[in-house]
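Engineer: Starting off with a structure, shown below.
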Amino acid sequence: MSPIPAKIVSLQDYVDAAARALPAPTWAYLAGSGADGLTRAENRAAFDRLRLRPRVLADVAGGHTRLSLLGQSLTHPIIVAPMAFHKLAHPGAEEATLLGAAARDALAVVSAQASMDMTTLADGTSGPLWFQLYLQPLREASLRLVRRAEAAGYRALVVTVDAPVNGIRNEEARAGFALPRGISAVNLAGLPAPESPPAEGGSAVFDGLMPAAPTWEDIAWLRAQTDLPILLKGILDPDDAARAISLGAQGVIVSNHGGRVLDSGLSALDALPAIRAALGPQPAILMDGGIRRGTDVLKARALGADAVLVGLPLLAALAVGGAVGVSHALEILRTELEVAMALTGCKTLSDVSSKTLWNS
Ligand SMILES: Cc1cc2nc3c(=O)[nH]c(=O)nc-3n(C[C@H](O)[C@H](O)[C@H](O)COP(=O)(O)O)c2cc1C
């Protein structure tokens with residue numbers, strides 16, 4: 001018998017079910033936003049504002065959702081976003097997520113803050129994997145993570161650049177969330193750390209944290225260290241996107257971290273068209289933040305994204321149904337995308353364009 005309640009038929013159903021099932025502090029961490037949740041809400045509102053252009057009687061027989069991304073052939077453009085501590089959602093943790101992803105041919109990005117060993121995870125899955133990292137205060141520490149990712153067979157590095165300092169996480173603080181014993185960022189344990197922490201001056205942010213935060217020079221340095229494709233995640237500004245590509249990144253992920261860091265920033269979807277315009281057709285542009293329906297995937301594609309990442313709903317599906325939940329959620333989204341493509345007359349993803357939108 002399937003462990004999935006029959007009433008769960010959409011990604012939002014998984015989010016609602018996980019909110020009911022998990023302890024309130026855990027949910028406040030998993031689903032919590034920065035400050036007042038304005039950006040998180042805007043991520044959704046931006047999708048809801050757009051209308052699609054229905055097209056009828058198109059011959060889409062034999063259509064498909066395949067694409068090539070950074071030289072990799074993918075069955076569909078739906079990617080598992082990097083997320084910390086899957087063990088908070090389910091004891092099967094990242095291993096179960098990757099099992100569910102592989103069952104649906106979904107590329108998955110493993111977070112540096114995963115609750116399971118990155119090499120064990122890579123060894124245990126047949127699906128394609130990328131590795132996400134934050135540049136560490138010491139380059140030697142970043143390099144160790146990169147070498148482990150290379151050795152384990154990860155096919156690209158996702159460098160997250162939008163959270164050099166934590167957002168104002170009021171929901172989490174009010175709920176009194178703390179990481180339970182037995183759950184930690186195991187891949188960061190034992191990495192070389194600065195001998196003395198950055199000097200605390202007048203400002204905890206500018207004198208305490210930011211002196212150790214990465215800058216563009218560190219991206220140029222990283223590019224010279226590895227042959228793996230590099231994508232910068234957390235880009236919202238066209239100039240930043242162009243700089244990433246000029247420093248040798250193969251792509252960018254247009255993202256505001258699901259609204260979990262800077263509040264009051266614009267939605268990832270609204271940032272997308274100007275970034276595609278700045279970079280031209282070639283560089284890989286992915287986006288995430290607020291994807292809940294196949295029609296959202298279509299809208300992101302119409303505004304210039306090659307592929308999308310999905311975060312919270314997949315952790316929710318993991319919480320509700322383990323690997324089966326993740327696989328089911330991915331299948332729901334893929335089917336919804338196919339239905340949306342068929343009803344807008346798009347046989348393949350390359351048929352999706354700004355014309356697919358009514359109000360473009
Ligand atoms: C619980 C949780 C943990 C996250 N941890 C990370 C992380 O470790 N690294 C990272 O780059 N992004 C992290 N993110 C952000 C996601 O990669 C992604 O940008 C975001 O979830 C997309 O928005 P969505 O949740 O609306 O799909 C996390 C998101 C969630 C919900």
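Each chain in the structure tokens gets a letter, A, B, ..., in the order shown, and its residues are numbered from 1; ligands are numbered from 1 in order too.
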Find the residues near His257 (chain A): any atom within 7 Å, counting only C-alpha atoms, skip ones fewer than 4 places away on the same chain, and give them as a list of chain:residue names.
Structural biologist: A:Gly234, A:Val261, A:Gly289
Engineer: Could you report the residues within 7 Å of ligand 1, using only C-alpha atoms and all ligand atoms, as a list in words?
Structural biologist: Tyr29, Leu30, Ala31, Ala81, Pro82, Met83, Ala84, Ser111, Ala112, Gln113, Gln132, Thr160, Lys233, Ser255, Asn256, His257, Gly258, Asp288, Gly289, Gly290, Ile291, Leu309, Val310, Gly311, Leu312 and Pro313 of chain A
Engineer: With N, CA and C atoms retained, could you export that selection as an mmCIF file, in the first residue's frame?
Structural biologist:
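Done, and the output landed in selection29.cif:
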```cif
data_model
loop_
_atom_site.group_PDB
_atom_site.id
_atom_site.type_symbol
_atom_site.label_atom_id
_atom_site.label_comp_id
_atom_site.auth_asym_id
_atom_site.auth_seq_id
_atom_site.Cartn_x
_atom_site.Cartn_y
_atom_site.Cartn_z
ATOM 1 N N TYR A 29 11.824 26.229 10.953
ATOM 2 C CA TYR A 29 13.129 26.267 10.276
ATOM 3 C C TYR A 29 12.973 25.943 8.792
ATOM 4 N N LEU A 30 12.260 24.862 8.496
ATOM 5 C CA LEU A 30 12.192 24.407 7.102
ATOM 6 C C LEU A 30 11.459 25.414 6.214
ATOM 7 N N ALA A 31 10.359 25.928 6.711
ATOM 8 C CA ALA A 31 9.514 26.782 5.868
ATOM 9 C C ALA A 31 9.689 28.259 6.183
ATOM 10 N N ALA A 81 16.524 21.267 -5.453
ATOM 11 C CA ALA A 81 17.359 22.369 -4.935
ATOM 12 C C ALA A 81 18.211 21.892 -3.763
ATOM 13 N N PRO A 82 19.385 22.516 -3.585
ATOM 14 C CA PRO A 82 20.188 22.153 -2.417
ATOM 15 C C PRO A 82 19.511 22.637 -1.142
ATOM 16 N N MET A 83 19.361 21.735 -0.180
ATOM 17 C CA MET A 83 18.755 22.128 1.098
ATOM 18 C C MET A 83 19.476 21.434 2.242
ATOM 19 N N ALA A 84 19.658 22.182 3.316
ATOM 20 C CA ALA A 84 20.375 21.680 4.483
ATOM 21 C C ALA A 84 19.529 20.634 5.223
ATOM 22 N N SER A 111 23.451 19.742 -0.752
ATOM 23 C CA SER A 111 23.932 20.897 0.011
ATOM 24 C C SER A 111 25.181 20.547 0.807
ATOM 25 N N ALA A 112 26.086 21.519 0.912
ATOM 26 C CA ALA A 112 27.251 21.342 1.785
ATOM 27 C C ALA A 112 26.783 21.136 3.224
ATOM 28 N N GLN A 113 25.574 21.594 3.520
ATOM 29 C CA GLN A 113 25.039 21.412 4.867
ATOM 30 C C GLN A 113 24.139 20.181 4.942
ATOM 31 N N GLN A 132 26.571 21.656 -3.919
ATOM 32 C CA GLN A 132 26.474 23.082 -3.565
ATOM 33 C C GLN A 132 27.391 23.384 -2.383
ATOM 34 N N THR A 160 26.864 29.059 -3.668
ATOM 35 C CA THR A 160 25.783 29.945 -3.210
ATOM 36 C C THR A 160 26.380 31.229 -2.654
ATOM 37 N N LYS A 233 24.853 30.651 -7.418
ATOM 38 C CA LYS A 233 23.432 30.609 -7.008
ATOM 39 C C LYS A 233 23.112 31.781 -6.094
ATOM 40 N N SER A 255 17.926 33.406 -7.989
ATOM 41 C CA SER A 255 17.310 32.881 -6.762
ATOM 42 C C SER A 255 17.451 33.894 -5.643
ATOM 43 N N ASN A 256 16.455 33.915 -4.753
ATOM 44 C CA ASN A 256 16.611 34.684 -3.518
ATOM 45 C C ASN A 256 16.543 33.732 -2.313
ATOM 46 N N HIS A 257 16.992 32.492 -2.537
ATOM 47 C CA HIS A 257 17.090 31.517 -1.444
ATOM 48 C C HIS A 257 15.699 31.208 -0.876
ATOM 49 N N GLY A 258 14.701 31.229 -1.765
ATOM 50 C CA GLY A 258 13.330 30.970 -1.305
ATOM 51 C C GLY A 258 12.810 32.040 -0.353
ATOM 52 N N ASP A 288 15.030 29.491 -9.151
ATOM 53 C CA ASP A 288 14.176 28.846 -8.155
ATOM 54 C C ASP A 288 13.520 29.895 -7.290
ATOM 55 N N GLY A 289 12.523 29.411 -6.514
ATOM 56 C CA GLY A 289 11.775 30.290 -5.630
ATOM 57 C C GLY A 289 10.320 30.331 -6.028
ATOM 58 N N GLY A 290 9.503 29.528 -5.358
ATOM 59 C CA GLY A 290 8.061 29.598 -5.566
ATOM 60 C C GLY A 290 7.500 28.644 -6.587
ATOM 61 N N ILE A 291 8.337 27.789 -7.181
ATOM 62 C CA ILE A 291 7.812 26.824 -8.160
ATOM 63 C C ILE A 291 6.935 25.804 -7.421
ATOM 64 N N LEU A 309 14.740 24.845 -10.149
ATOM 65 C CA LEU A 309 14.971 24.025 -8.953
ATOM 66 C C LEU A 309 13.759 24.167 -8.044
ATOM 67 N N VAL A 310 13.491 23.099 -7.312
ATOM 68 C CA VAL A 310 12.363 23.114 -6.378
ATOM 69 C C VAL A 310 12.900 22.785 -4.988
ATOM 70 N N GLY A 311 12.507 23.596 -4.009
ATOM 71 C CA GLY A 311 13.023 23.418 -2.660
ATOM 72 C C GLY A 311 12.005 22.849 -1.698
ATOM 73 N N LEU A 312 11.374 23.734 -0.930
ATOM 74 C CA LEU A 312 10.522 23.328 0.185
ATOM 75 C C LEU A 312 9.520 22.208 -0.118
ATOM 76 N N PRO A 313 8.815 22.253 -1.266
ATOM 77 C CA PRO A 313 7.824 21.189 -1.492
ATOM 78 C C PRO A 313 8.446 19.789 -1.509
#
```
Engineer: Please return, as an MDAnalysis selection string, all residues of region 124-161 of chain A that DSSP assigns to strand (DSSP E or B) on the basis of the backbone.
Structural biologist: chainID A and resid 129:133 157:160
Engineer: How about saving the chosen residues, N, CA, C and O atoms kept, as a PDB file, in the first residue's frame?
Structural biologist:
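Result file follows (out_17.pdb):
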```
ATOM      1  N   LEU A 129      24.296  14.131 -10.029  1.00  0.00           N
ATOM      2  CA  LEU A 129      24.361  15.005  -8.854  1.00  0.00           C
ATOM      3  C   LEU A 129      25.269  16.206  -9.095  1.00  0.00           C
ATOM      4  O   LEU A 129      26.303  16.088  -9.736  1.00  0.00           O
ATOM      5  N   TRP A 130      24.882  17.357  -8.550  1.00  0.00           N
ATOM      6  CA  TRP A 130      25.765  18.510  -8.438  1.00  0.00           C
ATOM      7  C   TRP A 130      25.985  18.748  -6.938  1.00  0.00           C
ATOM      8  O   TRP A 130      25.179  18.306  -6.108  1.00  0.00           O
ATOM      9  N   PHE A 131      27.064  19.471  -6.626  1.00  0.00           N
ATOM     10  CA  PHE A 131      27.346  19.760  -5.216  1.00  0.00           C
ATOM     11  C   PHE A 131      27.282  21.268  -4.976  1.00  0.00           C
ATOM     12  O   PHE A 131      27.873  22.042  -5.737  1.00  0.00           O
ATOM     13  N   GLN A 132      26.571  21.656  -3.919  1.00  0.00           N
ATOM     14  CA  GLN A 132      26.474  23.082  -3.565  1.00  0.00           C
ATOM     15  C   GLN A 132      27.391  23.384  -2.383  1.00  0.00           C
ATOM     16  O   GLN A 132      27.413  22.643  -1.407  1.00  0.00           O
ATOM     17  N   LEU A 133      28.133  24.478  -2.497  1.00  0.00           N
ATOM     18  CA  LEU A 133      28.936  24.879  -1.337  1.00  0.00           C
ATOM     19  C   LEU A 133      28.875  26.382  -1.132  1.00  0.00           C
ATOM     20  O   LEU A 133      28.562  27.144  -2.046  1.00  0.00           O
ATOM     21  N   LEU A 157      29.625  22.326  -9.702  1.00  0.00           N
ATOM     22  CA  LEU A 157      29.631  22.987  -8.393  1.00  0.00           C
ATOM     23  C   LEU A 157      28.659  24.157  -8.436  1.00  0.00           C
ATOM     24  O   LEU A 157      28.703  24.974  -9.364  1.00  0.00           O
ATOM     25  N   VAL A 158      27.817  24.215  -7.431  1.00  0.00           N
ATOM     26  CA  VAL A 158      26.897  25.341  -7.267  1.00  0.00           C
ATOM     27  C   VAL A 158      27.414  26.146  -6.077  1.00  0.00           C
ATOM     28  O   VAL A 158      27.454  25.644  -4.951  1.00  0.00           O
ATOM     29  N   VAL A 159      27.854  27.359  -6.350  1.00  0.00           N
ATOM     30  CA  VAL A 159      28.415  28.181  -5.277  1.00  0.00           C
ATOM     31  C   VAL A 159      27.350  29.198  -4.873  1.00  0.00           C
ATOM     32  O   VAL A 159      26.984  30.069  -5.673  1.00  0.00           O
ATOM     33  N   THR A 160      26.864  29.059  -3.668  1.00  0.00           N
ATOM     34  CA  THR A 160      25.783  29.945  -3.210  1.00  0.00           C
ATOM     35  C   THR A 160      26.380  31.229  -2.654  1.00  0.00           C
ATOM     36  O   THR A 160      27.227  31.193  -1.754  1.00  0.00           O
TER      37      THR A 160
END
```
Engineer: So that I can see what lies close to region 297-308 of chain A, please list as a PyMOL selection string the residues with an atom at most 7 Å from it, counting only C-alpha atoms and leaving out residues fewer than 6 positions away in the same chain.
Structural biologist: chain A and resi 77-79+269+272-273+276+284-288+291+337+352-354+356-357
Engineer: Those selected residues, please, written with C-alpha atoms and delivered as a short mmCIF file (atom, residue, chain, number, x, y, z; two decimals), in the first residue's frame.
Structural biologist:
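Generated file (out.cif):
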```
data_model
loop_
_atom_site.label_atom_id
_atom_site.label_comp_id
_atom_site.auth_asym_id
_atom_site.auth_seq_id
_atom_site.Cartn_x
_atom_site.Cartn_y
_atom_site.Cartn_z
CA PRO A 77 14.04 20.56 -16.41
CA ILE A 78 13.02 19.97 -12.75
CA ILE A 79 15.96 19.86 -10.34
CA LEU A 269 10.93 35.24 -11.53
CA LEU A 272 14.86 36.55 -14.78
CA PRO A 273 14.14 38.43 -18.06
CA ARG A 276 18.61 36.48 -19.81
CA ALA A 284 22.93 28.35 -18.47
CA ILE A 285 20.33 30.23 -16.45
CA LEU A 286 18.38 28.34 -13.83
CA MET A 287 15.89 29.78 -11.39
CA ASP A 288 14.18 28.85 -8.16
CA ILE A 291 7.81 26.82 -8.16
CA LEU A 337 4.48 20.56 -17.05
CA VAL A 352 8.40 27.62 -25.09
CA SER A 353 9.07 31.34 -25.52
CA SER A 354 7.81 34.72 -24.41
CA THR A 356 3.76 31.32 -24.50
CA LEU A 357 2.77 34.10 -22.09
#
```
Engineer: Which is closest to Ala18 (chain A) among A:Ala242, A:Ala89, A:Leu343, A:Ala45, if we use only C-alpha atoms?
Structural biologist: A:Ala89
Engineer: Rank nothing, just name the residue among A:Pro214, A:Gly345, A:Gly294, A:Gly251 nearest to Ala329 (chain A), using only C-alpha atoms.
Structural biologist: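 Of A:Pro214, A:Gly345, A:Gly294, A:Gly251, the one nearest Ala329 (chain A) is A:Gly294, counting only C-alpha atoms.
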Engineer: Point out the residue among A:Ile168, A:Val254, A:Leu209, A:Met341 with the least atom-to-atom distance to Ala268 (chain A), counting only C-alpha atoms.
Structural biologist: A:Val254
Engineer: Give me the residues within 12 Å of Ser246 (chain A) as number ranges by chain, counting only C-alpha atoms and dropping any in the same chain fewer than 4 places off.
Structural biologist: A: 216, 219-220, 223, 239-242, 250-252, 278-279, 283
Engineer: Those same residues, written as a PDB file, in the first residue's frame with N, CA and C atoms?
Structural biologist:
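Done, and the output landed in result.pdb:
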```
ATOM      1  N   TRP A 216      34.337  38.626  -5.198  1.00  0.00           N
ATOM      2  CA  TRP A 216      34.521  38.202  -6.598  1.00  0.00           C
ATOM      3  C   TRP A 216      35.901  37.586  -6.810  1.00  0.00           C
ATOM      4  N   ILE A 219      35.849  33.981  -6.421  1.00  0.00           N
ATOM      5  CA  ILE A 219      35.240  33.246  -7.544  1.00  0.00           C
ATOM      6  C   ILE A 219      36.299  33.031  -8.632  1.00  0.00           C
ATOM      7  N   ALA A 220      37.071  34.065  -8.913  1.00  0.00           N
ATOM      8  CA  ALA A 220      38.146  33.928  -9.912  1.00  0.00           C
ATOM      9  C   ALA A 220      39.146  32.871  -9.457  1.00  0.00           C
ATOM     10  N   ARG A 223      37.605  29.366  -9.885  1.00  0.00           N
ATOM     11  CA  ARG A 223      37.540  28.961 -11.305  1.00  0.00           C
ATOM     12  C   ARG A 223      38.861  28.313 -11.741  1.00  0.00           C
ATOM     13  N   ASP A 239      24.061  42.789 -13.759  1.00  0.00           N
ATOM     14  CA  ASP A 239      25.512  43.066 -13.725  1.00  0.00           C
ATOM     15  C   ASP A 239      26.248  41.967 -12.974  1.00  0.00           C
ATOM     16  N   ASP A 240      25.678  41.504 -11.881  1.00  0.00           N
ATOM     17  CA  ASP A 240      26.301  40.391 -11.143  1.00  0.00           C
ATOM     18  C   ASP A 240      26.339  39.131 -12.011  1.00  0.00           C
ATOM     19  N   ALA A 241      25.257  38.916 -12.759  1.00  0.00           N
ATOM     20  CA  ALA A 241      25.206  37.730 -13.628  1.00  0.00           C
ATOM     21  C   ALA A 241      26.301  37.816 -14.682  1.00  0.00           C
ATOM     22  N   ALA A 242      26.442  38.986 -15.295  1.00  0.00           N
ATOM     23  CA  ALA A 242      27.452  39.157 -16.349  1.00  0.00           C
ATOM     24  C   ALA A 242      28.855  38.980 -15.748  1.00  0.00           C
ATOM     25  N   GLN A 250      29.897  28.861 -15.653  1.00  0.00           N
ATOM     26  CA  GLN A 250      29.151  28.362 -16.810  1.00  0.00           C
ATOM     27  C   GLN A 250      27.683  28.780 -16.743  1.00  0.00           C
ATOM     28  N   GLY A 251      27.252  29.204 -15.568  1.00  0.00           N
ATOM     29  CA  GLY A 251      25.852  29.570 -15.463  1.00  0.00           C
ATOM     30  C   GLY A 251      25.548  30.252 -14.145  1.00  0.00           C
ATOM     31  N   VAL A 252      24.310  30.717 -14.035  1.00  0.00           N
ATOM     32  CA  VAL A 252      23.860  31.329 -12.786  1.00  0.00           C
ATOM     33  C   VAL A 252      22.508  30.733 -12.402  1.00  0.00           C
ATOM     34  N   ALA A 278      20.771  40.158 -20.457  1.00  0.00           N
ATOM     35  CA  ALA A 278      22.174  40.554 -20.259  1.00  0.00           C
ATOM     36  C   ALA A 278      23.137  39.461 -20.714  1.00  0.00           C
ATOM     37  N   LEU A 279      22.771  38.213 -20.510  1.00  0.00           N
ATOM     38  CA  LEU A 279      23.719  37.122 -20.792  1.00  0.00           C
ATOM     39  C   LEU A 279      23.605  36.575 -22.215  1.00  0.00           C
ATOM     40  N   PRO A 283      24.752  31.180 -21.980  1.00  0.00           N
ATOM     41  CA  PRO A 283      25.015  30.672 -20.619  1.00  0.00           C
ATOM     42  C   PRO A 283      23.783  30.022 -19.987  1.00  0.00           C
TER      43      PRO A 283
END
```
Engineer: If you run DSSP on the backbone here, which positions in region 42-286 of chain A get helix (DSSP H, G or I)? Please write them as a PDB file with C-alpha atoms, in the first residue's frame.
Structural biologist:
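Saved the output as states22.pdb:
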```pdb
ATOM      1  CA  GLU A  42       6.473  37.772  -3.834  1.00  0.00           C
ATOM      2  CA  ASN A  43       8.090  34.639  -5.274  1.00  0.00           C
ATOM      3  CA  ARG A  44       4.611  33.128  -5.545  1.00  0.00           C
ATOM      4  CA  ALA A  45       2.792  36.337  -6.497  1.00  0.00           C
ATOM      5  CA  ALA A  46       5.106  36.839  -9.484  1.00  0.00           C
ATOM      6  CA  PHE A  47       4.014  33.482 -10.931  1.00  0.00           C
ATOM      7  CA  ASP A  48       0.360  34.138 -10.201  1.00  0.00           C
ATOM      8  CA  ARG A  49       0.431  37.485 -12.036  1.00  0.00           C
ATOM      9  CA  HIS A  86      17.100  16.578   5.251  1.00  0.00           C
ATOM     10  CA  LYS A  87      17.244  14.475   8.418  1.00  0.00           C
ATOM     11  CA  LEU A  88      15.020  17.110  10.030  1.00  0.00           C
ATOM     12  CA  ALA A  93      17.424  12.036   5.009  1.00  0.00           C
ATOM     13  CA  GLU A  94      19.306  12.935   1.810  1.00  0.00           C
ATOM     14  CA  GLU A  95      19.650   9.279   0.824  1.00  0.00           C
ATOM     15  CA  ALA A  96      15.860   8.974   0.571  1.00  0.00           C
ATOM     16  CA  THR A  97      15.595  12.259  -1.332  1.00  0.00           C
ATOM     17  CA  LEU A  98      18.158  11.076  -3.877  1.00  0.00           C
ATOM     18  CA  LEU A  99      16.395   7.747  -4.246  1.00  0.00           C
ATOM     19  CA  GLY A 100      13.156   9.567  -5.038  1.00  0.00           C
ATOM     20  CA  ALA A 101      14.968  11.911  -7.440  1.00  0.00           C
ATOM     21  CA  ALA A 102      16.737   9.072  -9.272  1.00  0.00           C
ATOM     22  CA  ALA A 103      13.406   7.249  -9.674  1.00  0.00           C
ATOM     23  CA  MET A 118      28.582  13.607   0.470  1.00  0.00           C
ATOM     24  CA  THR A 119      30.677  10.665  -0.771  1.00  0.00           C
ATOM     25  CA  THR A 120      28.288   8.057   0.642  1.00  0.00           C
ATOM     26  CA  LEU A 121      25.421   9.897  -1.036  1.00  0.00           C
ATOM     27  CA  ALA A 122      27.160   9.972  -4.409  1.00  0.00           C
ATOM     28  CA  ASP A 123      28.129   6.310  -4.136  1.00  0.00           C
ATOM     29  CA  ARG A 139      40.401  28.751   0.790  1.00  0.00           C
ATOM     30  CA  GLU A 140      42.051  25.506   1.898  1.00  0.00           C
ATOM     31  CA  ALA A 141      38.722  24.444   3.412  1.00  0.00           C
ATOM     32  CA  SER A 142      36.781  25.295   0.229  1.00  0.00           C
ATOM     33  CA  LEU A 143      39.342  23.383  -1.792  1.00  0.00           C
ATOM     34  CA  ARG A 144      38.910  20.298   0.349  1.00  0.00           C
ATOM     35  CA  LEU A 145      35.180  20.298  -0.358  1.00  0.00           C
ATOM     36  CA  VAL A 146      35.828  20.780  -4.085  1.00  0.00           C
ATOM     37  CA  ARG A 147      38.301  17.880  -4.203  1.00  0.00           C
ATOM     38  CA  ARG A 148      35.844  15.626  -2.367  1.00  0.00           C
ATOM     39  CA  ALA A 149      33.101  16.609  -4.804  1.00  0.00           C
ATOM     40  CA  GLU A 150      35.364  15.848  -7.770  1.00  0.00           C
ATOM     41  CA  ALA A 151      36.462  12.500  -6.333  1.00  0.00           C
ATOM     42  CA  ALA A 152      32.886  11.480  -5.549  1.00  0.00           C
ATOM     43  CA  ASN A 170      12.139  35.772  13.084  1.00  0.00           C
ATOM     44  CA  GLU A 171       9.784  32.791  12.527  1.00  0.00           C
ATOM     45  CA  GLU A 172      12.540  30.393  13.531  1.00  0.00           C
ATOM     46  CA  ALA A 173      13.515  32.461  16.571  1.00  0.00           C
ATOM     47  CA  ARG A 174       9.924  32.775  17.805  1.00  0.00           C
ATOM     48  CA  ALA A 175       9.455  29.017  17.523  1.00  0.00           C
ATOM     49  CA  VAL A 186      28.738  16.391   8.696  1.00  0.00           C
ATOM     50  CA  ASN A 187      30.594  17.426   5.530  1.00  0.00           C
ATOM     51  CA  LEU A 188      31.852  20.598   7.167  1.00  0.00           C
ATOM     52  CA  ALA A 204      28.902  42.069  14.472  1.00  0.00           C
ATOM     53  CA  VAL A 205      28.179  42.021  10.736  1.00  0.00           C
ATOM     54  CA  PHE A 206      30.823  44.309   9.217  1.00  0.00           C
ATOM     55  CA  ASP A 207      33.635  43.604  11.640  1.00  0.00           C
ATOM     56  CA  GLY A 208      32.626  40.155  12.839  1.00  0.00           C
ATOM     57  CA  LEU A 209      31.249  38.182   9.875  1.00  0.00           C
ATOM     58  CA  MET A 210      31.923  40.016   6.622  1.00  0.00           C
ATOM     59  CA  PRO A 211      35.734  40.104   6.767  1.00  0.00           C
ATOM     60  CA  ALA A 212      35.666  36.320   6.238  1.00  0.00           C
ATOM     61  CA  TRP A 216      34.521  38.202  -6.598  1.00  0.00           C
ATOM     62  CA  GLU A 217      38.247  37.518  -6.233  1.00  0.00           C
ATOM     63  CA  ASP A 218      37.417  34.221  -4.570  1.00  0.00           C
ATOM     64  CA  ILE A 219      35.240  33.246  -7.544  1.00  0.00           C
ATOM     65  CA  ALA A 220      38.146  33.928  -9.912  1.00  0.00           C
ATOM     66  CA  TRP A 221      40.387  31.883  -7.622  1.00  0.00           C
ATOM     67  CA  LEU A 222      37.890  28.988  -7.503  1.00  0.00           C
ATOM     68  CA  ARG A 223      37.540  28.961 -11.305  1.00  0.00           C
ATOM     69  CA  PRO A 238      22.105  41.468 -14.441  1.00  0.00           C
ATOM     70  CA  ASP A 239      25.512  43.066 -13.725  1.00  0.00           C
ATOM     71  CA  ASP A 240      26.301  40.391 -11.143  1.00  0.00           C
ATOM     72  CA  ALA A 241      25.206  37.730 -13.628  1.00  0.00           C
ATOM     73  CA  ALA A 242      27.452  39.157 -16.349  1.00  0.00           C
ATOM     74  CA  ARG A 243      30.385  39.344 -13.922  1.00  0.00           C
ATOM     75  CA  ALA A 244      29.897  35.698 -12.920  1.00  0.00           C
ATOM     76  CA  ILE A 245      30.066  34.619 -16.569  1.00  0.00           C
ATOM     77  CA  SER A 246      33.043  36.870 -17.318  1.00  0.00           C
ATOM     78  CA  HIS A 257      17.090  31.517  -1.444  1.00  0.00           C
ATOM     79  CA  GLY A 258      13.330  30.970  -1.305  1.00  0.00           C
ATOM     80  CA  GLY A 259      12.960  34.316   0.494  1.00  0.00           C
ATOM     81  CA  ALA A 268      13.386  35.457  -8.612  1.00  0.00           C
ATOM     82  CA  LEU A 269      10.926  35.238 -11.528  1.00  0.00           C
ATOM     83  CA  ASP A 270      10.812  39.014 -11.959  1.00  0.00           C
ATOM     84  CA  ALA A 271      14.615  39.139 -12.018  1.00  0.00           C
ATOM     85  CA  LEU A 272      14.860  36.552 -14.780  1.00  0.00           C
ATOM     86  CA  PRO A 273      14.137  38.429 -18.056  1.00  0.00           C
ATOM     87  CA  ALA A 274      16.785  41.126 -17.513  1.00  0.00           C
ATOM     88  CA  ILE A 275      19.374  38.485 -16.663  1.00  0.00           C
ATOM     89  CA  ARG A 276      18.614  36.483 -19.806  1.00  0.00           C
ATOM     90  CA  ALA A 277      18.790  39.730 -21.802  1.00  0.00           C
ATOM     91  CA  ALA A 278      22.174  40.554 -20.259  1.00  0.00           C
ATOM     92  CA  LEU A 279      23.719  37.122 -20.792  1.00  0.00           C
TER      93      LEU A 279
END
```
Engineer: Contacts of region 59-63 of chain A at 7 Å or less, counting only C-alpha atoms, minus same-chain residues fewer than 2 places along, as a list in words?
Structural biologist: Leu57, Ala342, Gly345, Cys346, Lys347 and Thr348 of chain A
Engineer: Once you have the residues from the selection above, write them out as a PDB file, in the first residue's frame, restricted to N, CA, C and O atoms.
Structural biologist:
```
ATOM      1  N   LEU A  57      -5.345  22.741 -31.152  1.00  0.00           N
ATOM      2  CA  LEU A  57      -5.209  21.915 -32.355  1.00  0.00           C
ATOM      3  C   LEU A  57      -3.767  21.786 -32.842  1.00  0.00           C
ATOM      4  O   LEU A  57      -3.511  21.475 -34.001  1.00  0.00           O
ATOM      5  N   ALA A 342       1.331  20.834 -23.574  1.00  0.00           N
ATOM      6  CA  ALA A 342       0.386  20.376 -24.590  1.00  0.00           C
ATOM      7  C   ALA A 342      -0.697  21.428 -24.833  1.00  0.00           C
ATOM      8  O   ALA A 342      -1.082  21.689 -25.970  1.00  0.00           O
ATOM      9  N   GLY A 345       0.476  24.396 -26.819  1.00  0.00           N
ATOM     10  CA  GLY A 345       0.983  24.063 -28.147  1.00  0.00           C
ATOM     11  C   GLY A 345       2.486  23.915 -28.225  1.00  0.00           C
ATOM     12  O   GLY A 345       3.078  24.123 -29.290  1.00  0.00           O
ATOM     13  N   CYS A 346       3.118  23.560 -27.107  1.00  0.00           N
ATOM     14  CA  CYS A 346       4.571  23.405 -27.100  1.00  0.00           C
ATOM     15  C   CYS A 346       4.932  21.918 -27.109  1.00  0.00           C
ATOM     16  O   CYS A 346       4.662  21.207 -26.147  1.00  0.00           O
ATOM     17  N   LYS A 347       5.575  21.495 -28.192  1.00  0.00           N
ATOM     18  CA  LYS A 347       5.923  20.083 -28.314  1.00  0.00           C
ATOM     19  C   LYS A 347       7.198  19.768 -27.536  1.00  0.00           C
ATOM     20  O   LYS A 347       7.365  18.686 -26.987  1.00  0.00           O
ATOM     21  N   THR A 348       8.113  20.710 -27.529  1.00  0.00           N
ATOM     22  CA  THR A 348       9.355  20.538 -26.766  1.00  0.00           C
ATOM     23  C   THR A 348       9.631  21.839 -26.015  1.00  0.00           C
ATOM     24  O   THR A 348       8.990  22.867 -26.275  1.00  0.00           O
TER      25      THR A 348
END
```
Engineer: Which is closest to Leu314 (chain A) among A:Leu69, A:Val9, A:Val80, A:Val165, if we use only C-alpha atoms?
Structural biologist: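 Checking each candidate against Leu314 (chain A), we get A:Val80 as the closest.
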Engineer: Which distance in Å separates CA of Ile8 (chain A) and CA of Gly124 (chain A), to one decimal?
Structural biologist: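 Computing the Euclidean distance for CA of Ile8 (chain A) and CA of Gly124 (chain A) yields 28.4 Å.
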